[in-house]
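Visitor: Could you have a look at this structure, given as structure tokens, before my questions?
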Amino acid sequence: MFHNRRTLSVFIGVSLGLSAQAMAQTCNISQGDLFVPSISKPDTINKKPGDYYLLSLSWSPQFCTTQPGQSPKNKFQCQENSFGFVVHGFWPQAAHAQSVADHPRNCEQPTTVIAPKTLKDNLCTVPGIQLMQDEWAKHGTCAYKTPEAYFGDIEKVVGALHIPDVSGMAAKTKKKLNAGTLIQAFVAANPGLTAADMQLNLKGSTLVEVHVCYSKALKFQACEPGANANDSRPLTITPKN
């Protein structure tokens with residue numbers, strides 16, 4: 001067994017003056033976490049180019065409270081590690097889409113199995129071998145020629161995004177946070193980012209995911225539809241362990 005300890009600068013609360021050491025995530029990979037993923041049967045196929053990208057950041061402490069999070073399939077994320085935000089996906093999106101089915105999906109059939117080195121190199125950002133394979137098949141194939149190019153751009157945008165101290169906010173949930181508070185914290189931490197470039201995925205009032213939209217040039221751009229900068233919806237953030 002070996003351990004791979006990585007410091008992910010994406011999770012540093014730069015705007016709040018927090019040190020890298022205080023906010024960095026440690027990622028431990030054991031030999032048992034690495035395996036050959038399976039090729040899943042595509043749910044729907046929509047071979048079309050995307051107009052922009054949506055980065056989906058999952059709040060891991062909340063995911064790990066769910067039934068899927070507590071499954072042995074997700075032990076790397078939820079038992080072996082204690083993450084904050086992790087990447088759920090980086091999705092090519094179609095402008096003016098009316099439903100999920102309108103977006104690009106499963107553009108290469110059959111798809112390729114991701115190389116072991118690529119899986120290992122990106123596992124600390126996209127925390128699941130099968131998740132990486134499925135994200136490549138469903139979304140990456142609609143905009144990239146290789147898994148390496150796809151995950152390389154994920155690392156690029158994640159590495160440039162500054163994450164505010166969401167764990168600190170979680171400790172203050174009794175003060176009745178709202179969705180706009182979190183959105184504005186992201187905006188303050190990232191020059192050029194606006195509230196319209198973000199969406200929050202909530203279950204009731206509980207934070208599930210933060211979405212950030214990008215142009216094909218990997219610059220911030222408005223999501224469809226954009227978030228409301230003055231969003232007064234109540235917000236609860238599950239604390240990290």
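Residues are named by chain letter and number: chains run A, B, ... in the order of the structure tokens, numbers start at 1 in each chain, and ligands are numbered from 1 in the order shown.
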Neighbours of Leu131 (chain A) within 10 Å (only C-alpha atoms; same-chain residues fewer than 3 positions away dropped), as an MDAnalysis selection string?

Guide: chainID A and resid 37 74 87:89 123 126:128 134:137

Visitor: Can you check which residues of region 24-77 of chain A DSSP gives as strand (DSSP E) on the backbone and send them as an MDAnalysis selection string?

Guide: chainID A and resid 52:59

Visitor: Quick one: distance from CA of Leu34 (chain A) to CA of Cys107 (chain A) in Å, one decimal?

Guide: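 We find that CA of Leu34 (chain A) and CA of Cys107 (chain A) lie 26.0 Å from each other.
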
Visitor: Nearest to Cys213 (chain A): which of A:Ala160, A:Leu55, A:Ala188, A:Cys142 is it, counting only C-alpha atoms?

Guide: A:Leu55

Visitor: What lies within 12 Å of Ala97 (chain A) using only C-alpha atoms, ignoring chain neighbours under 2 positions off, as an MDAnalysis selection string?

Guide: chainID A and resid 50:52 92:95 99:104 223:225

Visitor: Just want the 8 Å neighbourhood of Val113 (chain A), counted on only C-alpha atoms, with same-chain residues fewer than 4 positions away dropped. Output as a list in words.

Guide: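 Everything that qualifies: Val36, Pro37, Ser38, Ile39 and Gln133 of chain A.
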
Visitor: Env of region 230-235 of chain A: 9 Å cut, atoms = only C-alpha atoms, seq-sep filter 6 positions within chain, self excluded. Answer as a count of residues only.

Guide: 16

Visitor: Quick check for you: according to DSSP on this backbone, which residues of region 157-230 of chain A are classed as helix (DSSP H, G or I)? Reply as a VMD selection string.

Guide: chain A and resid 157 to 160 166 to 170 173 to 175 179 to 189 195 to 197

Visitor: So, counting only C-alpha atoms, which residue among A:Ser71, A:Asn241, A:Ser56, A:Thr66 is closest to Leu200 (chain A)?

Guide: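 Smallest separation from Leu200 (chain A) among the options: A:Ser56.
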
Visitor: When you draw a straight line from CA of Asp165 (chain A) to CA of Trp59 (chain A), how long is it in Å?

Guide: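 Result for CA of Asp165 (chain A) versus CA of Trp59 (chain A): 12.4 Å, one decimal.
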
Visitor: What's the 9 Å shell around Ala171 (chain A), counting only C-alpha atoms, without same-chain residues fewer than 5 positions away, as a PyMOL selection string?

Guide: chain A and resi 166+237-239

Visitor: Contacts of Phe220 (chain A) at 8 Å or less, counting only C-alpha atoms, minus same-chain residues fewer than 4 places along, as a VMD selection string?

Guide: chain A and resid 192 to 193 197 212 to 215

Visitor: For those residues, write C-alpha atoms to a file as a compact mmCIF listing (two decimals), in the first residue's frame.

Guide:
```
# COMPACT_ATOMS: atom_id res chain seq x y z
CA GLY A 192 -14.08 38.53 -13.38
CA LEU A 193 -16.65 36.11 -11.93
CA ASP A 197 -21.84 32.89 -14.04
CA VAL A 212 -19.63 27.73 -12.55
CA CYS A 213 -19.95 28.37 -16.29
CA TYR A 214 -17.12 28.90 -18.77
CA SER A 215 -16.73 29.86 -22.41
```
